[in-house]
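Asks: Supplied in structure tokens, the structure appears directly below.
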Amino acid sequence: MIHIDWASFTPWSALLGGALVGGAAAVLVLLNGRVFGISGLVSGTWTAARGDRGWRWMALLGLAAAPWAYRLAGQAVPVPGGQPWLLVVLAGLLVGFGTRLGSGCTSGHGVCGLSRLSPRSLVATLAFMASGFLTVFVVRHLL
């Protein structure tokens with residue numbers, strides 16, 4: 001049986017966030033010919049050609065500023081807690097390893113790749129989702 005936590009169910013902010021991410025990805029590919037994948041964006045801030053770094057840094061600043069803008073709009077920024085820091089750091093390292101292994105992240109493959117009908121992105125996104133489902137099942141039902 002599926003249980004929905006109605007107090008945490010936020011379809012309108014999720015819809016707005018998804019529309020903003022999709023809009024940003026569309027603008028970037030149309031105006032700049034670049035894919036808005038966060039892992040590629042981050043790695044390119046250090047390795048890209050000098051003239052290609054500015055927009056990357058601005059995009060990262062925008063991502064970092066988003067919670068502050070949300071707060072200025074009068075909304076409380078949800079901060080998940082209760083997890084040991086070592087586990088959070090390990091999870092972050094595993095995600096980073098997975099993005100290198102999968103040649104991209106969910107934003108690059110799931111948002112941009114699927115919209116371009118990329119078969120490779122479809123396989124990567126299915127793998128991301130399956131491993132996420134499996135992880136939640138193991139953590140919530142087996143551990």
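Residues in the structure tokens are numbered from 1 in each chain, the chains being A, B, ... in the order shown, and ligands are numbered from 1 in the order shown.
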Select from range 81-132 of chain A everything DSSP, run on the backbone, classes as helix (DSSP H, G or I), then give the selection as a ChimeraX atom specification.
Replies: /A:85-101,106-115,119-132
Asks: Which value, in Å to one decimal, gives the distance between CA of Pro84 in chain A and CA of Gly96 in chain A?
Replies: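 These atoms are spaced 18.7 Å apart.
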